[in-house]
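Colleague: Next up, final_22.txt (compact mmCIF, C-alpha atoms).
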# COMPACT_ATOMS: atom_id res chain seq x y z
CA MET E 1 130.08 99.31 82.30
CA LYS E 2 131.37 100.81 85.56
CA ALA E 3 134.51 102.86 86.21
CA ILE E 4 136.20 101.98 89.51
CA ARG E 5 138.81 104.46 90.73
CA GLY E 6 141.68 104.00 93.11
CA ALA E 7 145.14 105.20 94.09
CA THR E 8 148.08 104.33 96.30
CA THR E 9 151.50 105.71 97.18
CA LEU E 10 154.90 104.01 97.25
CA ALA E 11 157.59 104.09 99.91
CA ALA E 12 160.30 104.48 97.26
CA ASP E 13 160.84 104.47 93.51
CA THR E 14 162.05 100.90 93.10
CA PRO E 15 160.76 98.08 90.88
CA ASP E 16 159.82 96.00 93.92
CA GLU E 17 157.85 98.88 95.48
CA VAL E 18 156.00 99.53 92.21
CA ARG E 19 155.14 95.84 91.85
CA ALA E 20 153.97 95.55 95.45
CA GLY E 21 151.96 98.77 95.39
CA VAL E 22 150.21 98.07 92.08
CA LYS E 23 149.42 94.47 93.04
CA GLU E 24 148.00 95.54 96.42
CA LEU E 25 145.84 98.25 94.82
CA LEU E 26 144.43 96.15 91.98
CA THR E 27 143.84 93.15 94.23
CA ALA E 28 141.95 95.34 96.71
CA ILE E 29 139.78 96.79 93.93
CA LYS E 30 139.03 93.31 92.58
CA THR E 31 138.24 91.91 96.03
CA LYS E 32 136.15 94.81 97.36
CA ASN E 33 134.07 94.89 94.18
CA ASN E 34 133.81 91.09 93.92
CA LEU E 35 135.07 91.24 90.34
CA HIS E 36 135.82 88.23 88.20
CA SER E 37 138.75 88.47 85.79
CA GLU E 38 136.47 88.21 82.76
CA GLU E 39 134.50 91.26 83.95
CA ILE E 40 137.57 93.52 83.81
CA VAL E 41 137.71 95.13 80.37
CA CYS E 42 140.50 97.64 80.77
CA ILE E 43 142.88 99.00 83.41
CA LEU E 44 144.13 102.57 83.03
CA LEU E 45 147.08 103.51 85.21
CA SER E 46 148.94 106.76 85.72
CA SER E 47 151.94 107.58 87.87
CA THR E 48 153.54 110.77 89.12
CA ALA E 49 156.71 111.98 87.44
CA ASP E 50 158.92 110.78 90.31
CA ILE E 51 158.16 107.11 89.52
CA LYS E 52 160.64 106.02 86.85
CA SER E 53 161.86 102.55 87.82
CA LEU E 54 158.97 100.52 86.37
CA TYR E 55 155.80 101.19 84.39
CA PRO E 56 152.71 100.44 86.56
CA ALA E 57 151.12 98.65 83.58
CA LYS E 58 154.06 96.24 83.45
CA ALA E 59 153.71 95.69 87.20
CA ALA E 60 149.99 94.98 86.71
CA ARG E 61 150.73 92.38 84.04
CA GLU E 62 153.33 90.72 86.26
CA ALA E 63 150.75 90.64 89.07
CA GLY E 64 148.44 88.52 86.92
CA PHE E 65 146.15 91.20 85.48
CA SER E 66 146.90 90.17 81.92
CA ASP E 67 143.49 89.21 80.54
CA CYS E 68 142.47 92.79 79.77
CA ALA E 69 143.81 95.89 78.05
CA LEU E 70 146.44 97.72 80.11
CA TYR E 71 147.45 101.34 79.65
CA SER E 72 149.98 103.40 81.59
CA SER E 73 150.65 107.14 81.43
CA LEU E 74 152.97 109.60 83.14
CA GLU E 75 151.43 112.55 84.97
CA PRO E 76 152.94 116.04 84.58
CA ASP E 77 155.25 117.27 87.31
CA ILE E 78 153.09 119.58 89.43
CA ASP E 79 154.34 121.41 92.51
CA GLY E 80 152.59 120.26 95.65
CA SER E 81 151.17 117.08 94.12
CA LEU E 82 151.19 113.82 96.07
CA ALA E 83 154.59 112.15 95.72
CA LEU E 84 155.16 108.62 94.42
CA CYS E 85 151.49 108.14 93.60
CA VAL E 86 149.90 105.57 91.31
CA ARG E 87 146.32 106.14 90.20
CA VAL E 88 144.08 103.64 88.47
CA MET E 89 140.73 103.40 86.74
CA VAL E 90 139.35 99.92 86.21
CA LEU E 91 136.61 99.57 83.60
CA ALA E 92 134.44 96.56 84.37
CA GLU E 93 131.28 94.97 83.04
CA THR E 94 129.24 94.82 86.26
CA ASP E 95 125.87 96.00 87.54
CA ARG E 96 126.96 95.92 91.18
CA PRO E 97 127.57 99.15 93.13
CA VAL E 98 131.24 100.08 92.87
CA LYS E 99 133.64 100.68 95.73
CA TYR E 100 136.63 102.94 95.19
CA VAL E 101 139.91 102.08 96.89
CA TYR E 102 142.46 104.59 98.20
CA LEU E 103 145.44 103.14 100.05
CA ARG E 104 148.41 104.40 102.04
CA GLY E 105 149.12 108.11 101.53
CA ALA E 106 146.52 108.31 98.75
CA ARG E 107 143.79 108.18 101.40
CA SER E 108 144.23 111.95 101.68
CA LEU E 109 142.90 112.31 98.13
CA ARG E 110 139.47 110.97 99.05
CA LYS E 111 138.85 111.27 102.77
CA ASP E 112 135.13 110.79 102.07
CA LEU E 113 135.94 107.24 100.93
CA SER E 114 138.90 106.27 103.09
CA GLU E 115 137.83 107.69 106.46
CA VAL E 116 134.69 107.43 108.55
CA ILE E 117 132.58 110.48 107.74
CA ASN E 118 129.21 111.52 109.12
CA ILE E 119 126.63 113.74 107.47
CA ALA E 120 123.82 115.42 109.39
CA LEU E 121 120.71 116.22 107.39
CA ASP E 122 117.99 118.16 109.20
CA GLY E 123 114.87 119.95 108.11
CA PRO E 124 111.09 120.21 108.49
CA ALA E 125 108.60 117.57 107.38
CA GLY E 126 108.25 117.37 103.61
CA SER E 127 111.59 119.00 102.81
CA GLY E 128 112.83 115.81 101.16
CA LYS E 129 115.25 114.62 103.85
CA SER E 130 114.54 110.91 103.57
CA THR E 131 114.74 110.78 99.76
CA VAL E 132 117.85 112.94 99.61
CA SER E 133 119.53 110.94 102.37
CA LYS E 134 119.16 107.72 100.38
CA LEU E 135 120.45 109.38 97.20
CA VAL E 136 123.53 110.82 98.95
CA ALA E 137 124.23 107.47 100.61
CA LYS E 138 124.08 105.72 97.23
CA LYS E 139 126.38 108.28 95.59
CA LEU E 140 128.96 108.01 98.37
CA ASP E 141 128.41 104.29 99.02
CA ILE E 142 127.75 104.87 102.72
CA LEU E 143 124.98 103.98 105.16
CA SER E 144 121.79 106.00 105.24
CA LEU E 145 120.98 105.36 108.89
CA ASP E 146 117.25 104.81 109.27
CA THR E 147 116.80 106.02 112.83
CA GLY E 148 113.11 105.20 112.67
CA ALA E 149 114.00 101.55 112.18
CA MET E 150 115.91 101.66 115.44
CA TYR E 151 112.81 102.79 117.35
CA ARG E 152 110.81 100.07 115.61
CA ALA E 153 113.38 97.49 116.69
CA ALA E 154 113.12 98.80 120.25
CA ALA E 155 109.35 98.32 120.09
CA LEU E 156 109.81 94.77 118.75
CA LYS E 157 112.14 93.99 121.66
CA CYS E 158 109.52 95.20 124.13
CA LEU E 159 106.85 93.13 122.37
CA LYS E 160 108.97 89.98 122.50
CA SER E 161 109.78 90.67 126.16
CA GLY E 162 106.09 90.96 127.04
CA VAL E 163 106.40 94.33 128.79
CA ASP E 164 103.53 96.67 129.55
CA TYR E 165 104.08 99.71 127.32
CA ALA E 166 102.29 101.93 129.83
CA GLU E 167 104.84 101.04 132.50
CA LYS E 168 107.85 103.30 131.97
CA SER E 169 110.11 101.27 134.28
CA GLN E 170 109.44 98.03 132.38
CA VAL E 171 110.20 99.63 129.02
CA GLU E 172 113.35 101.29 130.34
CA ARG E 173 114.64 98.04 131.83
CA VAL E 174 114.35 96.24 128.48
CA ILE E 175 115.74 99.07 126.34
CA ASP E 176 118.65 99.75 128.70
CA HIS E 177 120.12 96.32 127.87
CA ILE E 178 119.00 96.08 124.22
CA ASP E 179 121.37 94.40 121.75
CA LEU E 180 120.69 96.48 118.65
CA LYS E 181 123.03 96.89 115.70
CA VAL E 182 122.75 98.35 112.23
CA GLU E 183 124.86 97.06 109.34
CA TYR E 184 125.30 98.19 105.76
CA ARG E 185 125.44 95.29 103.30
CA ASP E 186 125.13 95.33 99.52
CA GLY E 187 123.71 98.84 99.49
CA ARG E 188 121.00 98.31 102.10
CA GLN E 189 120.57 98.72 105.83
CA LEU E 190 120.02 95.66 107.99
CA THR E 191 118.59 96.04 111.49
CA LEU E 192 119.92 93.34 113.83
CA LEU E 193 118.17 92.64 117.14
CA ASP E 194 119.87 90.10 119.41
CA GLY E 195 121.91 89.04 116.39
CA GLU E 196 118.80 88.39 114.23
CA ASP E 197 117.98 90.35 111.07
CA VAL E 198 114.58 91.88 111.87
CA SER E 199 114.48 94.32 108.93
CA GLY E 200 111.23 92.77 107.71
CA GLN E 201 109.61 92.13 111.10
CA ILE E 202 109.73 95.80 112.12
CA ARG E 203 107.69 97.00 109.13
CA THR E 204 104.30 95.79 110.33
CA PRO E 205 101.48 98.21 111.33
CA GLN E 206 101.54 96.80 114.86
CA ILE E 207 105.23 97.59 115.34
CA SER E 208 104.75 101.02 113.80
CA MET E 209 102.07 101.83 116.37
CA LEU E 210 104.07 100.41 119.28
CA ALA E 211 107.15 102.38 118.20
CA SER E 212 105.26 105.63 118.77
CA TYR E 213 104.65 104.61 122.39
CA VAL E 214 108.26 103.59 122.98
CA SER E 215 109.77 106.73 121.43
CA ALA E 216 107.69 108.94 123.73
CA TYR E 217 109.91 108.06 126.69
CA PRO E 218 112.90 110.46 126.96
CA SER E 219 115.09 107.67 128.34
CA VAL E 220 114.40 105.58 125.23
CA ARG E 221 115.34 108.48 122.97
CA MET E 222 118.55 108.95 124.95
CA LYS E 223 119.41 105.28 124.47
CA MET E 224 118.73 105.44 120.73
CA VAL E 225 120.87 108.57 120.40
CA GLU E 226 123.65 106.76 122.26
CA LEU E 227 123.44 103.88 119.79
CA GLN E 228 123.28 106.26 116.80
CA ARG E 229 126.45 107.96 117.97
CA LYS E 230 128.16 104.59 118.39
CA ILE E 231 127.20 103.52 114.86
CA ALA E 232 128.36 106.86 113.46
CA SER E 233 131.74 106.44 115.16
CA GLU E 234 132.28 103.09 113.44
CA VAL E 235 130.89 103.52 109.92
CA SER E 236 130.43 106.34 107.43
CA CYS E 237 126.77 107.33 107.38
CA ILE E 238 124.22 110.04 106.78
CA LEU E 239 121.49 110.67 109.37
CA ASP E 240 118.35 112.70 108.75
CA GLY E 241 115.97 114.14 111.31
CA ARG E 242 115.17 117.26 113.31
CA ASP E 243 118.15 117.57 115.62
CA ILE E 244 120.97 115.51 114.10
CA GLY E 245 123.35 118.45 113.71
CA THR E 246 122.42 120.13 116.99
CA ASN E 247 122.02 117.16 119.34
CA VAL E 248 122.82 113.71 117.95
CA LEU E 249 126.08 114.61 116.15
CA PRO E 250 126.92 118.19 117.18
CA ALA E 251 130.60 117.75 116.19
CA CYS E 252 129.73 116.39 112.73
CA PRO E 253 131.81 118.21 110.08
CA PHE E 254 129.14 118.00 107.37
CA LYS E 255 125.82 119.53 108.36
CA PHE E 256 122.96 120.41 106.02
CA PHE E 257 119.54 121.88 106.66
CA LEU E 258 116.91 121.40 103.98
CA THR E 259 114.02 123.79 103.76
CA ALA E 260 111.15 124.68 101.43
CA THR E 261 108.02 126.76 101.71
CA PRO E 262 105.07 125.09 103.45
CA GLU E 263 103.11 125.37 100.20
CA ILE E 264 105.77 123.51 98.23
CA ARG E 265 106.08 120.79 100.87
CA ALA E 266 102.31 120.39 101.02
CA LYS E 267 102.15 120.11 97.23
CA ARG E 268 104.78 117.38 97.26
CA ARG E 269 102.96 115.45 99.94
CA TYR E 270 99.66 115.92 98.10
CA ASN E 271 101.13 114.51 94.86
CA GLU E 272 102.70 111.57 96.72
CA ASP E 273 99.44 110.76 98.48
CA ARG E 274 97.44 110.91 95.25
CA LEU E 275 99.71 108.26 93.74
CA LYS E 276 98.92 106.10 96.78
CA GLY E 277 95.19 106.64 96.34
CA SER E 278 94.72 109.07 99.23
CA ALA E 279 91.81 111.53 99.00
CA GLN E 280 93.17 114.08 101.50
CA SER E 281 92.88 117.61 100.16
CA TYR E 282 95.80 119.97 99.55
CA GLU E 283 94.34 122.44 102.07
CA SER E 284 94.19 119.76 104.75
CA ILE E 285 97.78 118.70 104.09
CA LEU E 286 98.98 122.32 104.19
CA LYS E 287 97.24 122.76 107.54
CA ASP E 288 98.93 119.60 108.85
CA ILE E 289 102.34 120.79 107.60
CA ASN E 290 102.01 124.15 109.37
CA GLU E 291 100.86 122.50 112.59
CA ARG E 292 103.71 119.96 112.39
CA ASP E 293 106.25 122.77 111.88
CA GLU E 294 104.98 124.57 114.97
CA GLN E 295 105.01 121.37 117.01
CA ASP E 296 108.51 120.36 115.86
CA ARG E 297 109.99 123.78 116.62
CA ASN E 298 108.52 123.96 120.11
CA ARG E 299 108.68 120.36 121.35
CA ALA E 300 110.52 119.84 124.65
CA VAL E 301 112.55 116.88 123.36
CA ALA E 302 114.55 117.04 120.10
CA PRO E 303 113.12 120.29 118.68
CA LEU E 304 113.65 121.20 115.03
CA ARG E 305 116.66 123.54 114.87
CA CYS E 306 119.17 124.55 112.24
CA ALA E 307 122.75 124.21 113.45
CA ALA E 308 124.74 127.45 113.26
CA ASP E 309 127.35 125.80 111.03
CA ALA E 310 124.92 123.97 108.75
CA VAL E 311 124.67 124.63 105.02
CA VAL E 312 121.07 125.69 104.33
CA ILE E 313 119.60 124.43 101.06
CA ASP E 314 116.24 125.70 99.85
CA THR E 315 114.80 122.75 97.93
CA SER E 316 111.70 124.58 96.71
CA GLU E 317 112.86 124.73 93.09
CA MET E 318 115.18 121.71 93.14
CA THR E 319 114.71 118.02 92.44
CA ALA E 320 115.88 115.48 95.02
CA GLU E 321 118.70 114.47 92.65
CA GLU E 322 119.87 118.10 92.38
CA VAL E 323 119.86 118.48 96.16
CA ALA E 324 121.83 115.26 96.62
CA GLN E 325 124.39 116.33 94.03
CA THR E 326 124.77 119.73 95.71
CA ILE E 327 125.43 118.06 99.06
CA CYS E 328 128.05 115.73 97.55
CA GLU E 329 129.79 118.68 95.89
CA LYS E 330 129.81 120.67 99.14
CA ILE E 331 131.35 117.71 100.96
CA GLN E 332 134.03 117.27 98.31
CA GLU E 333 134.87 120.98 98.49
CA LYS E 334 135.39 120.77 102.23
CA ILE E 335 137.68 117.74 102.24
Using structure tokens, write down the structure from this file.
Modeller:
Amino acid sequence: MKAIRGATTLAADTPDEVRAGVKELLTAIKTKNNLHSEEIVCILLSSTADIKSLYPAKAAREAGFSDCALYSSLEPDIDGSLALCVRVMVLAETDRPVKYVYLRGARSLRKDLSEVINIALDGPAGSGKSTVSKLVAKKLDILSLDTGAMYRAAALKCLKSGVDYAEKSQVERVIDHIDLKVEYRDGRQLTLLDGEDVSGQIRTPQISMLASYVSAYPSVRMKMVELQRKIASEVSCILDGRDIGTNVLPACPFKFFLTATPEIRAKRRYNEDRLKGSAQSYESILKDINERDEQDRNRAVAPLRCAADAVVIDTSEMTAEEVAQTICEKIQEKI
């Protein structure tokens, strides 16, 4: 069973306003979560003390939500609380990811859900950025923007266009006019190239190799950053990398920098590789980690840097779930 939260505010304390507001809120929750009436077990409603003209539960029943248990309660009168506010919790038998709904003035209660927010997640290799990014995205029901997929799509475009990867001008000409979009559907990212879903096509070893050639051109990186900024302006998302908070989204209000000792990061990578059947030694991985850190910090393009206003989280003694929960709590504190 899932609990789906929501809230709305009314223009005035009148029966018609209560009916309209409750109907709009419950209909939006039902629609956004693709709920069937038989899946709704119970609807719990509460209203602020300044709403006296009609019980929200009665308004819900009149709106057609009568096949489930309905409860309505009155909130205490608290100074500074949101006026004329109706809150709801819908309990539903569903396995689908839930989407909370905050309408009208109630959007201020959950800006992380009702407004476009961006989260920058930077850190060195092996600090857990990718795993944590996906966990945070799932918790907040937002897009975890796979920037690597964008470079892979750029490589696929060059392959389909038959360009010579060694010729910078040919690559730039194709990438400059690329039609690349990223969409978030049903909890997963879709990469669309020229209107076609290429999420599967870009995961081949050939495209992976070609993507490394394409991403080496500064002009290509600039184009991808331009597209990343455009996506971030249109949809709530979390981006992970080396320079998200310092270069890609410098004005982002939520910046985090994950870190851990090289030894811890090497141990994590070693354990992951063993599960995949790799025979690389811990010492070799630690050497690679240290060399990668040095390279990332000193590279001419997109160096690894911690933004001055980023929240630094040492993940050495934390699980990925604990890190993700910490990030969500920090975001909620700030809004």
Colleague: Between E:Leu82, E:Leu109, E:Ala60, E:Ala20, single out the one closest to Arg5 (chain E), counting all atoms listed in the file.
Modeller: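 Ranked by minimum distance to Arg5 (chain E), first place goes to E:Leu109.
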Colleague: Could you give me, as a compact mmCIF listing (two decimals) with C-alpha atoms, in the frame of the given file, the residues within 12 Å of Ser133 (chain E), counting only C-alpha atoms and dropping anything in the same chain fewer than 3 positions from it?
Modeller:
# COMPACT_ATOMS: atom_id res chain seq x y z
CA ASN E 118 129.21 111.52 109.12
CA ILE E 119 126.63 113.74 107.47
CA ALA E 120 123.82 115.42 109.39
CA LEU E 121 120.71 116.22 107.39
CA ASP E 122 117.99 118.16 109.20
CA GLY E 123 114.87 119.95 108.11
CA SER E 127 111.59 119.00 102.81
CA GLY E 128 112.83 115.81 101.16
CA LYS E 129 115.25 114.62 103.85
CA SER E 130 114.54 110.91 103.57
CA VAL E 136 123.53 110.82 98.95
CA ALA E 137 124.23 107.47 100.61
CA LYS E 138 124.08 105.72 97.23
CA LYS E 139 126.38 108.28 95.59
CA LEU E 140 128.96 108.01 98.37
CA ASP E 141 128.41 104.29 99.02
CA ILE E 142 127.75 104.87 102.72
CA LEU E 143 124.98 103.98 105.16
CA SER E 144 121.79 106.00 105.24
CA LEU E 145 120.98 105.36 108.89
CA ASP E 146 117.25 104.81 109.27
CA THR E 147 116.80 106.02 112.83
CA CYS E 237 126.77 107.33 107.38
CA ILE E 238 124.22 110.04 106.78
CA LEU E 239 121.49 110.67 109.37
CA ASP E 240 118.35 112.70 108.75
CA GLY E 241 115.97 114.14 111.31
CA PHE E 256 122.96 120.41 106.02
CA PHE E 257 119.54 121.88 106.66
CA LEU E 258 116.91 121.40 103.98
CA ALA E 320 115.88 115.48 95.02
CA GLU E 321 118.70 114.47 92.65
CA VAL E 323 119.86 118.48 96.16
CA ALA E 324 121.83 115.26 96.62
CA GLN E 325 124.39 116.33 94.03
CA ILE E 327 125.43 118.06 99.06
CA CYS E 328 128.05 115.73 97.55
Colleague: Would you list the residues near (136.1, 95.8, 82.8), meaning any protein, DNA or RNA residue with an atom at most 6 Å from that point in file coordinates, counting all atoms listed in the file, as a VMD selection string?
Modeller: chain E and resid 39 to 42 91 to 93
Colleague: Each residue of region 162-273 of chain E lying at most 6 Å from region 277-288 of chain E should get a row with its shortest atom-to-atom pair and the distance in Å to one decimal, counting only C-alpha atoms; could you produce that, ordered by chain and increasing number, as a tab-separated table?
Modeller:
residue	atom	partner	partner_atom	distance
E:Ala266	CA	E:Leu286	CA	5.0
E:Tyr270	CA	E:Tyr282	CA	5.8
E:Asp273	CA	E:Ser278	CA	5.1
Colleague: Show me, as a list in words, the residues that have an atom within 8 Å of Leu193 (chain E) when counting all atoms listed in the file, minus same-chain residues fewer than 6 positions from it.
Modeller: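 Neighbouring residues, sequence-local ones excluded: Ala153, Lys157, Ile178, Asp179, Leu180 and Lys181 of chain E.
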Colleague: Rank nothing, just name the residue among E:Gly162, E:Met209, E:Val225, E:Pro124 nearest to Pro303 (chain E), using all atoms listed in the file.
Modeller: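 When distances to Pro303 (chain E) are compared using all atoms listed in the file, the smallest one comes from E:Pro124.
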Colleague: When you draw a straight line from CA of Ser53 (chain E) to CA of Asp13 (chain E), how long is it in Å?
Modeller: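 Between CA of Ser53 (chain E) and CA of Asp13 (chain E) the gap is 6.1 Å.
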